[in-house]
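Enquirer: Contents are CSV, C-alpha atoms; file name work_22.csv:
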```
chain,number,residue,atom,x,y,z
A,1,MET,CA,-12.9,26.0,26.8
A,2,ARG,CA,-9.5,27.4,25.7
A,3,ALA,CA,-9.2,28.2,22.0
A,4,ASP,CA,-6.1,26.1,21.4
A,5,ILE,CA,-7.7,23.1,23.0
A,6,GLN,CA,-10.8,23.6,20.9
A,7,ILE,CA,-8.7,23.7,17.7
A,8,ILE,CA,-7.2,20.3,18.6
A,9,ILE,CA,-10.7,18.9,19.3
A,10,SER,CA,-12.0,20.2,16.0
A,11,GLU,CA,-9.2,18.6,14.1
A,12,ILE,CA,-9.9,15.2,15.8
A,13,ASP,CA,-13.6,15.6,15.0
A,14,LYS,CA,-12.7,16.3,11.3
A,15,SER,CA,-10.6,13.2,11.1
A,16,LEU,CA,-13.3,11.0,12.7
A,17,SER,CA,-15.9,12.5,10.4
A,18,LEU,CA,-13.8,11.6,7.3
A,19,LEU,CA,-13.4,8.0,8.7
A,20,ARG,CA,-17.1,7.7,9.0
A,21,GLN,CA,-17.6,9.0,5.5
A,22,ARG,CA,-15.1,6.5,4.1
A,23,LEU,CA,-16.7,3.6,6.0
A,24,ASP,CA,-20.2,4.6,4.9
A,25,TRP,CA,-21.2,4.8,8.5
A,26,ASP,CA,-25.0,4.5,8.1
A,27,ASN,CA,-24.4,1.0,6.6
A,28,VAL,CA,-21.6,-0.2,8.8
A,29,ARG,CA,-23.8,-2.8,10.6
A,30,LYS,CA,-25.2,-4.1,7.3
A,31,LYS,CA,-21.7,-4.4,5.8
A,32,ARG,CA,-20.4,-6.3,8.8
A,33,GLU,CA,-23.3,-8.7,8.6
A,34,GLU,CA,-22.6,-9.2,4.9
A,35,PHE,CA,-18.9,-10.0,5.7
A,36,ASP,CA,-20.0,-12.5,8.4
A,37,ALA,CA,-22.4,-14.2,6.0
A,38,LEU,CA,-19.7,-14.6,3.4
A,39,THR,CA,-17.1,-15.9,5.8
A,40,GLU,CA,-19.6,-18.5,7.2
A,41,ASP,CA,-20.1,-20.0,3.8
A,42,PRO,CA,-19.0,-23.6,4.0
A,43,ASP,CA,-17.7,-23.5,0.4
A,44,LEU,CA,-15.5,-20.4,1.1
A,45,TRP,CA,-12.2,-22.3,1.5
A,46,ASN,CA,-12.7,-24.2,-1.8
A,47,GLU,CA,-10.8,-21.2,-3.2
A,48,PRO,CA,-8.1,-20.5,-0.6
A,49,ASP,CA,-6.7,-17.3,-2.3
A,50,LYS,CA,-10.1,-15.6,-2.5
A,51,ALA,CA,-10.9,-16.8,1.0
A,52,GLN,CA,-7.8,-15.2,2.4
A,53,LYS,CA,-8.4,-12.0,0.6
A,54,LEU,CA,-12.0,-11.8,1.9
A,55,MET,CA,-10.8,-12.5,5.5
A,56,ARG,CA,-8.2,-9.8,5.3
A,57,GLU,CA,-10.8,-7.3,3.9
A,58,ARG,CA,-13.2,-8.2,6.7
A,59,GLN,CA,-10.5,-7.8,9.4
A,60,ASN,CA,-9.4,-4.5,8.0
A,61,PHE,CA,-13.0,-3.2,8.0
A,62,ILE,CA,-13.5,-4.4,11.6
A,63,ASP,CA,-10.1,-2.8,12.7
A,64,GLN,CA,-11.2,0.6,11.1
A,65,VAL,CA,-14.6,0.5,12.8
A,66,ASP,CA,-13.1,-0.5,16.2
A,67,ALA,CA,-10.3,2.2,15.9
A,68,HIS,CA,-13.0,4.9,15.2
A,69,ASP,CA,-15.1,3.8,18.1
A,70,ALA,CA,-12.1,3.7,20.5
A,71,MET,CA,-10.9,7.2,19.4
A,72,SER,CA,-14.4,8.6,19.6
A,73,THR,CA,-14.8,7.3,23.2
A,74,GLU,CA,-11.4,8.6,24.2
A,75,LEU,CA,-12.2,12.1,22.8
A,76,LYS,CA,-15.5,12.2,24.8
A,77,GLU,CA,-13.6,11.2,28.0
A,78,ASN,CA,-11.0,13.8,27.5
A,79,ILE,CA,-13.6,16.5,26.9
A,80,ASP,CA,-15.3,15.5,30.1
A,81,LEU,CA,-11.9,15.7,32.0
A,82,ILE,CA,-11.3,19.2,30.5
A,83,GLU,CA,-14.6,20.5,31.8
A,84,LEU,CA,-13.9,19.0,35.2
A,85,ALA,CA,-10.4,20.5,35.3
A,86,GLU,CA,-11.7,24.0,34.3
A,87,ILE,CA,-14.3,23.8,37.0
A,88,GLU,CA,-11.7,22.9,39.6
A,89,ALA,CA,-9.0,25.1,38.1
A,90,ASP,CA,-6.6,22.2,38.0
A,91,GLU,CA,-3.9,23.2,35.6
A,92,GLU,CA,-2.0,19.9,36.1
A,93,ILE,CA,-4.9,17.7,34.9
A,94,LEU,CA,-5.6,20.2,32.1
A,95,GLN,CA,-2.0,19.9,30.8
A,96,GLU,CA,-2.2,16.1,30.9
A,97,VAL,CA,-5.4,16.1,28.9
A,98,VAL,CA,-3.9,18.5,26.3
A,99,THR,CA,-1.0,16.1,25.9
A,100,ALA,CA,-3.4,13.1,25.5
A,101,LEU,CA,-5.5,15.1,23.0
A,102,GLN,CA,-2.4,15.9,20.9
A,103,LEU,CA,-1.5,12.2,20.8
A,104,LEU,CA,-5.1,11.3,19.9
A,105,LYS,CA,-5.0,13.9,17.1
A,106,ASN,CA,-1.9,12.3,15.6
A,107,ARG,CA,-3.5,8.8,15.7
A,108,ALA,CA,-6.7,10.1,14.1
A,109,SER,CA,-4.8,11.9,11.4
A,110,ALA,CA,-2.9,8.7,10.6
A,111,LYS,CA,-6.2,6.7,10.4
A,112,GLU,CA,-7.6,9.5,8.2
A,113,LEU,CA,-4.7,9.0,5.8
A,114,GLU,CA,-5.0,5.2,5.9
A,115,ALA,CA,-8.7,5.5,5.1
A,116,LEU,CA,-7.8,7.4,1.9
A,117,LEU,CA,-5.5,4.6,0.7
A,118,ASN,CA,-7.9,3.7,-2.2
A,119,GLY,CA,-5.5,3.2,-5.1
A,120,GLU,CA,-6.0,0.1,-7.2
A,121,ALA,CA,-3.2,-1.8,-5.5
A,122,ASP,CA,-2.9,0.1,-2.2
A,123,GLY,CA,-4.3,-2.8,-0.1
A,124,ASN,CA,-1.9,-5.3,-1.7
A,125,ASP,CA,1.2,-6.9,-0.3
A,126,THR,CA,4.4,-5.4,-1.7
A,127,PHE,CA,7.9,-6.1,-2.8
A,128,LEU,CA,10.7,-3.9,-1.5
A,129,GLU,CA,14.0,-3.8,-3.3
A,130,ILE,CA,17.1,-1.9,-2.0
A,131,HIS,CA,20.2,-1.4,-4.2
A,132,ALA,CA,23.5,0.2,-3.1
A,133,GLY,CA,24.6,3.1,-5.3
A,134,ALA,CA,28.1,4.0,-6.5
A,135,GLY,CA,30.6,4.2,-3.6
A,136,GLY,CA,31.6,0.6,-2.8
A,137,THR,CA,31.7,-0.3,0.9
A,138,GLU,CA,30.2,3.0,2.0
A,139,SER,CA,27.0,2.6,-0.1
A,140,CYS,CA,26.7,-1.1,0.7
A,141,ASP,CA,26.8,-0.2,4.4
A,142,TRP,CA,24.2,2.4,3.8
A,143,ALA,CA,22.0,-0.1,2.0
A,144,GLY,CA,22.3,-2.4,5.0
A,145,MET,CA,21.2,0.4,7.3
A,146,ILE,CA,18.2,1.3,5.1
A,147,SER,CA,17.2,-2.4,5.0
A,148,ARG,CA,17.2,-2.6,8.8
A,149,MET,CA,15.1,0.6,8.9
A,150,TYR,CA,12.4,-0.9,6.7
A,151,VAL,CA,12.4,-4.3,8.4
A,152,ARG,CA,12.0,-2.6,11.8
A,153,TRP,CA,9.2,-0.4,10.5
A,154,ALA,CA,7.4,-3.4,9.0
A,155,GLU,CA,7.6,-5.5,12.1
A,156,ARG,CA,6.5,-2.6,14.3
A,157,SER,CA,3.5,-2.1,12.0
A,158,GLY,CA,2.5,-5.8,12.3
A,159,TYR,CA,3.5,-6.8,8.8
A,160,LYS,CA,5.1,-10.1,7.8
A,161,VAL,CA,8.5,-9.8,6.2
A,162,GLU,CA,10.0,-12.5,3.9
A,163,LEU,CA,13.5,-12.2,2.5
A,164,GLN,CA,13.4,-12.9,-1.3
A,165,SER,CA,17.0,-12.4,-2.2
A,166,GLU,CA,20.2,-10.8,-0.8
A,167,THR,CA,23.7,-10.0,-2.2
A,168,ALA,CA,26.2,-9.1,0.5
A,169,GLY,CA,28.7,-6.3,0.1
A,170,ASP,CA,32.4,-7.2,-0.3
A,171,GLU,CA,33.4,-5.9,3.1
A,172,ALA,CA,30.2,-4.8,4.8
A,173,GLY,CA,26.5,-4.2,4.3
A,174,LEU,CA,24.5,-5.2,1.2
A,175,LYS,CA,24.8,-4.7,-2.5
A,176,SER,CA,21.1,-5.5,-2.9
A,177,VAL,CA,18.3,-7.0,-1.0
A,178,SER,CA,14.6,-7.8,-1.8
A,179,TYR,CA,11.7,-8.4,0.6
A,180,LYS,CA,8.1,-9.4,0.3
A,181,ILE,CA,6.1,-7.5,2.9
A,182,SER,CA,2.6,-8.8,3.6
A,183,GLY,CA,-0.3,-7.1,5.3
A,184,GLN,CA,-3.2,-4.7,4.8
A,185,ASN,CA,-2.1,-1.6,2.9
A,186,ALA,CA,1.6,-2.6,2.8
A,187,TYR,CA,2.0,-1.2,-0.7
A,188,GLY,CA,-0.2,1.8,0.0
A,189,TRP,CA,2.2,2.9,2.8
A,190,LEU,CA,5.5,1.8,1.3
A,191,LYS,CA,4.9,3.2,-2.2
A,192,THR,CA,5.9,6.6,-0.7
A,193,GLU,CA,9.4,5.4,-0.2
A,194,SER,CA,10.4,4.7,-3.8
A,195,GLY,CA,13.4,6.8,-4.8
A,196,VAL,CA,17.0,7.5,-3.9
A,197,HIS,CA,18.0,8.0,-0.3
A,198,ARG,CA,21.2,10.0,0.6
A,199,LEU,CA,23.4,9.6,3.6
A,200,VAL,CA,26.0,12.2,4.9
A,201,ARG,CA,28.2,11.0,7.8
A,202,ILE,CA,31.7,10.5,9.1
A,203,SER,CA,32.7,7.2,7.5
A,204,PRO,CA,33.5,4.4,10.0
A,205,PHE,CA,35.6,2.9,7.2
A,206,ASP,CA,37.8,6.0,6.7
A,207,SER,CA,40.9,6.1,8.9
A,208,ALA,CA,41.1,9.9,8.2
A,209,ALA,CA,37.6,10.3,9.6
A,210,LYS,CA,36.4,12.3,6.6
A,211,ARG,CA,32.8,13.1,5.8
A,212,HIS,CA,31.3,10.9,3.1
A,213,THR,CA,28.1,11.0,1.0
A,214,SER,CA,26.4,7.7,0.1
A,215,PHE,CA,23.4,6.8,-1.9
A,216,CYS,CA,21.1,3.8,-2.3
A,217,SER,CA,17.9,3.3,-4.3
A,218,VAL,CA,14.6,2.0,-2.9
A,219,TRP,CA,12.1,0.4,-5.2
A,220,VAL,CA,8.6,-0.6,-4.1
A,221,TYR,CA,6.0,-2.3,-6.3
A,222,PRO,CA,2.8,-4.2,-5.5
A,223,VAL,CA,2.3,-7.9,-5.5
A,224,VAL,CA,-0.1,-8.4,-8.4
A,225,ASP,CA,-3.4,-9.8,-7.3
A,226,ASP,CA,-4.3,-12.9,-9.3
A,227,ASN,CA,-8.0,-12.7,-8.5
A,228,ILE,CA,-8.8,-10.5,-11.5
A,229,ASP,CA,-12.4,-10.6,-12.7
A,230,ILE,CA,-12.4,-10.2,-16.5
A,231,ASP,CA,-15.6,-8.4,-17.6
A,232,ILE,CA,-16.3,-8.8,-21.3
A,233,SER,CA,-19.0,-6.6,-22.9
A,234,PRO,CA,-21.3,-8.4,-25.4
A,235,ASN,CA,-20.8,-5.4,-27.7
A,236,ASP,CA,-17.0,-6.1,-27.8
A,237,ILE,CA,-17.3,-9.6,-29.3
A,238,ARG,CA,-18.5,-11.3,-32.4
A,239,ILE,CA,-19.6,-14.9,-32.3
A,240,ASP,CA,-19.6,-17.0,-35.4
A,241,THR,CA,-20.8,-20.6,-35.8
A,242,PHE,CA,-19.6,-22.8,-38.7
A,243,ARG,CA,-19.5,-26.4,-39.8
A,244,SER,CA,-16.6,-28.3,-38.4
A,245,SER,CA,-15.2,-31.6,-39.8
A,246,GLY,CA,-13.9,-34.4,-37.8
A,247,ALA,CA,-11.4,-37.1,-38.9
A,248,GLY,CA,-13.2,-37.8,-42.2
A,249,GLY,CA,-15.3,-40.6,-43.6
A,250,GLN,CA,-18.8,-41.3,-42.6
A,251,HIS,CA,-18.3,-39.7,-39.1
A,252,VAL,CA,-17.5,-36.2,-40.5
A,253,ASN,CA,-19.2,-33.6,-38.4
A,254,THR,CA,-21.5,-31.6,-40.8
A,255,THR,CA,-23.5,-29.7,-38.1
A,256,ASP,CA,-23.1,-26.0,-37.2
A,257,SER,CA,-21.4,-26.9,-33.9
A,258,ALA,CA,-18.0,-25.1,-34.0
A,259,VAL,CA,-17.8,-21.6,-32.5
A,260,ARG,CA,-15.4,-18.7,-33.2
A,261,ILE,CA,-15.3,-15.7,-30.9
A,262,THR,CA,-13.6,-12.5,-32.0
A,263,HIS,CA,-12.7,-9.8,-29.4
A,264,ASN,CA,-12.9,-6.6,-31.4
A,265,PRO,CA,-10.9,-4.2,-29.2
A,266,THR,CA,-7.9,-6.5,-29.1
A,267,GLY,CA,-8.3,-8.6,-32.2
A,268,ILE,CA,-8.0,-11.9,-30.2
A,269,VAL,CA,-9.7,-14.8,-31.9
A,270,VAL,CA,-10.5,-18.1,-30.1
A,271,THR,CA,-12.3,-21.1,-31.5
A,272,SER,CA,-13.7,-24.4,-30.1
A,273,SER,CA,-15.0,-27.3,-32.1
A,274,GLU,CA,-14.8,-30.1,-29.5
A,275,LYS,CA,-18.3,-30.4,-28.2
A,276,SER,CA,-21.8,-29.2,-28.9
A,277,GLN,CA,-22.4,-25.6,-29.9
A,278,HIS,CA,-23.4,-24.6,-26.3
A,279,GLN,CA,-20.3,-26.3,-24.8
A,280,ASN,CA,-18.1,-24.8,-27.5
A,281,ARG,CA,-19.3,-21.3,-26.7
A,282,ASP,CA,-18.5,-21.8,-23.0
A,283,ILE,CA,-15.1,-23.2,-23.8
A,284,ALA,CA,-14.3,-20.4,-26.2
A,285,MET,CA,-15.4,-17.7,-23.7
A,286,LYS,CA,-13.1,-19.2,-21.0
A,287,ALA,CA,-10.2,-19.2,-23.5
A,288,LEU,CA,-10.9,-15.6,-24.3
A,289,LYS,CA,-11.0,-14.6,-20.7
A,290,SER,CA,-7.7,-16.4,-20.1
A,291,ARG,CA,-6.1,-14.5,-23.0
A,292,LEU,CA,-7.3,-11.2,-21.8
A,293,TYR,CA,-6.2,-12.0,-18.2
A,294,GLN,CA,-2.7,-12.8,-19.5
A,295,MET,CA,-2.7,-9.5,-21.4
A,296,GLU,CA,-3.6,-7.6,-18.2
A,297,LEU,CA,-0.7,-9.3,-16.3
A,298,ASP,CA,1.7,-8.5,-19.2
A,299,ARG,CA,0.5,-4.8,-19.2
A,300,ARG,CA,1.0,-4.5,-15.4
A,301,ASN,CA,4.4,-6.1,-15.5
A,302,ALA,CA,5.4,-3.8,-18.4
A,303,ALA,CA,4.4,-0.8,-16.4
A,304,ILE,CA,6.4,-2.0,-13.5
A,305,THR,CA,9.4,-2.6,-15.7
A,306,GLU,CA,9.1,0.8,-17.3
A,307,ALA,CA,8.8,2.6,-13.9
A,308,HIS,CA,11.8,0.6,-12.7
A,309,GLU,CA,13.9,1.6,-15.7
A,310,ASN,CA,12.9,5.3,-15.3
A,311,LYS,CA,13.5,5.6,-11.6
A,312,GLY,CA,17.0,7.1,-12.2
A,313,ASP,CA,20.4,6.3,-10.9
A,314,ALA,CA,21.2,6.2,-7.2
A,315,GLY,CA,23.1,9.4,-7.1
A,316,TRP,CA,22.9,13.2,-7.1
A,317,GLY,CA,19.7,14.8,-8.4
A,318,ASN,CA,17.4,11.9,-7.9
A,319,GLN,CA,17.2,11.7,-4.1
A,320,ILE,CA,13.9,12.0,-2.3
A,321,ARG,CA,15.3,12.1,1.3
A,322,SER,CA,18.6,13.1,3.0
A,323,TYR,CA,19.9,11.6,6.2
A,324,VAL,CA,22.5,13.9,7.7
A,325,LEU,CA,24.5,12.5,10.7
A,326,HIS,CA,27.3,15.0,10.5
A,327,PRO,CA,28.0,17.9,11.1
A,328,TYR,CA,24.4,18.1,12.5
A,329,GLN,CA,21.6,15.6,13.0
A,330,MET,CA,18.7,15.9,10.5
A,331,VAL,CA,16.5,13.8,8.2
A,332,LYS,CA,14.6,15.8,5.6
A,333,ASP,CA,12.3,14.7,2.8
A,334,LEU,CA,12.9,16.8,-0.2
A,335,ARG,CA,9.3,16.3,-1.6
A,336,THR,CA,7.4,17.5,1.4
A,337,SER,CA,10.1,19.4,3.4
A,338,TYR,CA,9.1,17.4,6.5
A,339,GLU,CA,12.2,17.0,8.7
A,340,THR,CA,13.2,15.7,12.1
A,341,SER,CA,16.4,15.8,14.2
A,342,ASP,CA,15.6,12.3,15.6
A,343,THR,CA,18.0,10.5,13.2
A,344,LYS,CA,18.4,7.5,15.6
A,345,GLY,CA,14.6,7.0,15.8
A,346,VAL,CA,14.2,7.3,12.0
A,347,LEU,CA,17.0,4.7,11.3
A,348,ASP,CA,15.3,2.5,13.9
A,349,GLY,CA,12.1,2.4,11.8
A,350,ASN,CA,10.2,5.5,13.0
A,351,ILE,CA,9.2,6.8,9.5
A,352,ASP,CA,5.4,7.0,9.7
A,353,GLU,CA,5.5,10.8,9.7
A,354,PHE,CA,7.5,10.9,6.5
A,355,MET,CA,5.0,8.5,4.9
A,356,ALA,CA,2.0,10.4,6.1
A,357,ALA,CA,3.4,13.7,4.8
A,358,THR,CA,4.0,12.3,1.3
A,359,LEU,CA,0.5,10.6,1.3
A,360,ALA,CA,-1.1,13.9,2.3
A,361,LEU,CA,0.9,15.7,-0.4
A,362,ASP,CA,-0.3,13.2,-3.1
A,363,LEU,CA,-3.9,13.4,-1.8
A,364,SER,CA,-3.9,17.2,-1.8
A,365,GLY,CA,-3.6,17.1,-5.6
A,366,LYS,CA,-0.4,19.1,-5.7
A,367,SER,CA,2.6,17.8,-7.6
A,368,ARG,CA,5.8,17.4,-5.7
A,369,ALA,CA,7.4,20.1,-7.7
A,370,GLU,CA,4.6,22.5,-6.7
A,371,ALA,CA,4.9,21.5,-3.1
A,372,THR,CA,8.7,22.0,-3.1
A,373,SER,CA,8.4,25.5,-4.7
```
Output the file's structure as structure tokens, nothing else.
Expert:
Amino acid sequence: MRADIQIIISEIDKSLSLLRQRLDWDNVRKKREEFDALTEDPDLWNEPDKAQKLMRERQNFIDQVDAHDAMSTELKENIDLIELAEIEADEEILQEVVTALQLLKNRASAKELEALLNGEADGNDTFLEIHAGAGGTESCDWAGMISRMYVRWAERSGYKVELQSETAGDEAGLKSVSYKISGQNAYGWLKTESGVHRLVRISPFDSAAKRHTSFCSVWVYPVVDDNIDIDISPNDIRIDTFRSSGAGGQHVNTTDSAVRITHNPTGIVVTSSEKSQHQNRDIAMKALKSRLYQMELDRRNAAITEAHENKGDAGWGNQIRSYVLHPYQMVKDLRTSYETSDTKGVLDGNIDEFMAATLALDLSGKSRAEATS
């Protein structure tokens, strides 16, 4: 078998091997049975949010397994065709198979990257905000073009797109727009797009047909999952019981029924003196979990706000990608140096290669500054 063909086959094998590793291949059947048992529980839909999350995780797992099996079968069929073509010295069939293998390699690489989306919020739905930079109508028109690009990408990827808010430009385009994009790994893919996007073109709004540079900022952040399990270590709390009094008189409560719980790491103190000591302990623990849950939400929201404030102005020096429509056709990501001359395809939503390149860069452990240098 030719060396160049063998290299492609080896790369596909490597991607499929990584997929099996991520899926814990030896236990795939067991995991599928566990998912089926959970989804057949008659009480599952008593908590709709958790049920929907479970169903989505199950479907994502099945999709990954089915995708692996389909690509593995396709690889075997193409290898058989190569052997047949070489025996019969049929160059035409051989070239067709090489083309098919190259496409399969690209699909396997994309699935390999998708399998590595294992950040805390990568699987979540996401919010996508777009804001026009300085430049009036030019930048508003550019924000409208970028908005269309992402909506087309999301729809092509099978995601649900919901418009959250929109402010139209004075003459054309958008000053700002916000979407909620729902689907498996929506945030994991789109998080690579946060930053400033720069456009260079002949302005359709300039009667002198001069070249203009426009900017807009893209901001992506995950939809916070409310199904947070608060785990409290017994070593982190102190439980005190004390006598609690009622309204007074002969019915004053003089038993050791009231409960006070102190959470040492945060200093949160909750008490309950409504019921029996056992019931009070349960009530106080629920109150403590609620307080810690709210703290976690506040922490996440604060991190989101801080990142939003530090993302930089939509202008020179902060861009992650340039879209040049004149004097030549080129879209180039400044973090990865990935580029293409298919500007029409990119603006029509064909941005998977840019996302994959940035994900690969992040997963390689290199900083963007290192990669650029």
Enquirer: Please return, as a ChimeraX atom specification, all polymer residues that have at least one atom within 9 Å of the point (22.8, 14.6, 12.1); use only C-alpha atoms and the file's own coordinate frame.
Expert: /A:200-201,323-331,341-343
Enquirer: What's the separation between CA of Gln184 in chain A and CA of Ile230 in chain A, in Å to one decimal place?
Expert: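 According to the coordinates, CA of Gln184 in chain A and CA of Ile230 in chain A are separated by 23.8 Å.
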Enquirer: Return the single residue from A:Arg260, A:Lys76, A:Arg152, A:Lys210 that is closest to Gly349 in chain A, with distances computed using all atoms listed in the file.
Expert: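 Of A:Arg260, A:Lys76, A:Arg152, A:Lys210, the one nearest Gly349 in chain A is A:Arg152, counting all atoms listed in the file.
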Enquirer: For Arg321 in chain A, work out the shell of residues within 6 Å, counting all atoms listed in the file and skipping chain neighbours fewer than 3 positions away, then give it as an NGL selection string.
Expert: :A and (197 or 332-334)
Enquirer: Just give me the residues with any atom within 12 Å of (23.8, -5.4, -0.3), file coordinates, counting all atoms listed in the file, written as a PyMOL selection string.
Expert: chain A and resi 129-133+136-148+165-178+216-217
Enquirer: Between CA of Asp240 in chain A and CA of Thr266 in chain A, what is the spacing in Å?
Expert: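 Between CA of Thr266 in chain A and CA of Asp240 in chain A the gap works out to 16.9 Å.
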Enquirer: Could you tell me how far CA of His263 in chain A sits from CA of Ile237 in chain A, in Å to one decimal place?
Expert: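 Those two atoms sit 4.6 Å apart.
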Enquirer: Which residue gives the smallest distance to Asn185 in chain A among A:Glu57, A:Asp206, A:Glu88, A:Asp69, with all atoms listed in the file counted?
Expert: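 Using all atoms listed in the file, Asn185 in chain A sits closest to A:Glu57.
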Enquirer: Go through A:Arg238, A:Gly183, A:Leu359, A:Arg32 and flag the residue nearest Gln52 in chain A, using only C-alpha atoms for the distances.
Expert: A:Gly183
Enquirer: Using all atoms listed in the file, find the one residue out of A:Val28, A:Met55, A:Leu44, A:Ile181 that sits nearest to Tyr150 in chain A.
Expert: A:Ile181
Enquirer: Report as a PyMOL selection string all protein, DNA and RNA residues lying within 12 Å of range 103-112 of chain A, evaluated on all atoms listed in the file, omitting residues in the same chain fewer than 5 positions from it.
Expert: chain A and resi 5-23+60+63-78+96-98+117-118+185+189+352-357+359-360+363
Enquirer: Store the residues picked out above, limited to C-alpha atoms, as a PDB file, in the coordinates of the input.
Expert:
```
ATOM      1  CA  ILE A   5      -7.700  23.100  23.000  1.00  0.00           C
ATOM      2  CA  GLN A   6     -10.800  23.600  20.900  1.00  0.00           C
ATOM      3  CA  ILE A   7      -8.700  23.700  17.700  1.00  0.00           C
ATOM      4  CA  ILE A   8      -7.200  20.300  18.600  1.00  0.00           C
ATOM      5  CA  ILE A   9     -10.700  18.900  19.300  1.00  0.00           C
ATOM      6  CA  SER A  10     -12.000  20.200  16.000  1.00  0.00           C
ATOM      7  CA  GLU A  11      -9.200  18.600  14.100  1.00  0.00           C
ATOM      8  CA  ILE A  12      -9.900  15.200  15.800  1.00  0.00           C
ATOM      9  CA  ASP A  13     -13.600  15.600  15.000  1.00  0.00           C
ATOM     10  CA  LYS A  14     -12.700  16.300  11.300  1.00  0.00           C
ATOM     11  CA  SER A  15     -10.600  13.200  11.100  1.00  0.00           C
ATOM     12  CA  LEU A  16     -13.300  11.000  12.700  1.00  0.00           C
ATOM     13  CA  SER A  17     -15.900  12.500  10.400  1.00  0.00           C
ATOM     14  CA  LEU A  18     -13.800  11.600   7.300  1.00  0.00           C
ATOM     15  CA  LEU A  19     -13.400   8.000   8.700  1.00  0.00           C
ATOM     16  CA  ARG A  20     -17.100   7.700   9.000  1.00  0.00           C
ATOM     17  CA  GLN A  21     -17.600   9.000   5.500  1.00  0.00           C
ATOM     18  CA  ARG A  22     -15.100   6.500   4.100  1.00  0.00           C
ATOM     19  CA  LEU A  23     -16.700   3.600   6.000  1.00  0.00           C
ATOM     20  CA  ASN A  60      -9.400  -4.500   8.000  1.00  0.00           C
ATOM     21  CA  ASP A  63     -10.100  -2.800  12.700  1.00  0.00           C
ATOM     22  CA  GLN A  64     -11.200   0.600  11.100  1.00  0.00           C
ATOM     23  CA  VAL A  65     -14.600   0.500  12.800  1.00  0.00           C
ATOM     24  CA  ASP A  66     -13.100  -0.500  16.200  1.00  0.00           C
ATOM     25  CA  ALA A  67     -10.300   2.200  15.900  1.00  0.00           C
ATOM     26  CA  HIS A  68     -13.000   4.900  15.200  1.00  0.00           C
ATOM     27  CA  ASP A  69     -15.100   3.800  18.100  1.00  0.00           C
ATOM     28  CA  ALA A  70     -12.100   3.700  20.500  1.00  0.00           C
ATOM     29  CA  MET A  71     -10.900   7.200  19.400  1.00  0.00           C
ATOM     30  CA  SER A  72     -14.400   8.600  19.600  1.00  0.00           C
ATOM     31  CA  THR A  73     -14.800   7.300  23.200  1.00  0.00           C
ATOM     32  CA  GLU A  74     -11.400   8.600  24.200  1.00  0.00           C
ATOM     33  CA  LEU A  75     -12.200  12.100  22.800  1.00  0.00           C
ATOM     34  CA  LYS A  76     -15.500  12.200  24.800  1.00  0.00           C
ATOM     35  CA  GLU A  77     -13.600  11.200  28.000  1.00  0.00           C
ATOM     36  CA  ASN A  78     -11.000  13.800  27.500  1.00  0.00           C
ATOM     37  CA  GLU A  96      -2.200  16.100  30.900  1.00  0.00           C
ATOM     38  CA  VAL A  97      -5.400  16.100  28.900  1.00  0.00           C
ATOM     39  CA  VAL A  98      -3.900  18.500  26.300  1.00  0.00           C
ATOM     40  CA  LEU A 117      -5.500   4.600   0.700  1.00  0.00           C
ATOM     41  CA  ASN A 118      -7.900   3.700  -2.200  1.00  0.00           C
ATOM     42  CA  ASN A 185      -2.100  -1.600   2.900  1.00  0.00           C
ATOM     43  CA  TRP A 189       2.200   2.900   2.800  1.00  0.00           C
ATOM     44  CA  ASP A 352       5.400   7.000   9.700  1.00  0.00           C
ATOM     45  CA  GLU A 353       5.500  10.800   9.700  1.00  0.00           C
ATOM     46  CA  PHE A 354       7.500  10.900   6.500  1.00  0.00           C
ATOM     47  CA  MET A 355       5.000   8.500   4.900  1.00  0.00           C
ATOM     48  CA  ALA A 356       2.000  10.400   6.100  1.00  0.00           C
ATOM     49  CA  ALA A 357       3.400  13.700   4.800  1.00  0.00           C
ATOM     50  CA  LEU A 359       0.500  10.600   1.300  1.00  0.00           C
ATOM     51  CA  ALA A 360      -1.100  13.900   2.300  1.00  0.00           C
ATOM     52  CA  LEU A 363      -3.900  13.400  -1.800  1.00  0.00           C
TER      53      LEU A 363
END
```
Enquirer: Mind checking which residues fall within 8 Å of Ala287 in chain A, counting only C-alpha atoms, ignoring those fewer than 4 positions away in the same chain, and posting them as an MDAnalysis selection string?
Expert: chainID A and resid 270 283 291
Enquirer: Closest to Ala134 in chain A among A:Met295, A:Val196, A:Ala89, A:Val220, using all atoms listed in the file?
Expert: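 Closest candidate: A:Val196.
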Enquirer: Find the residue from A:Thr39, A:Thr262, A:Thr126, A:Gln95 that sits nearest to Asp4 in chain A; use only C-alpha atoms when measuring.
Expert: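 Of all the options, A:Gln95 lies closest to Asp4 in chain A.
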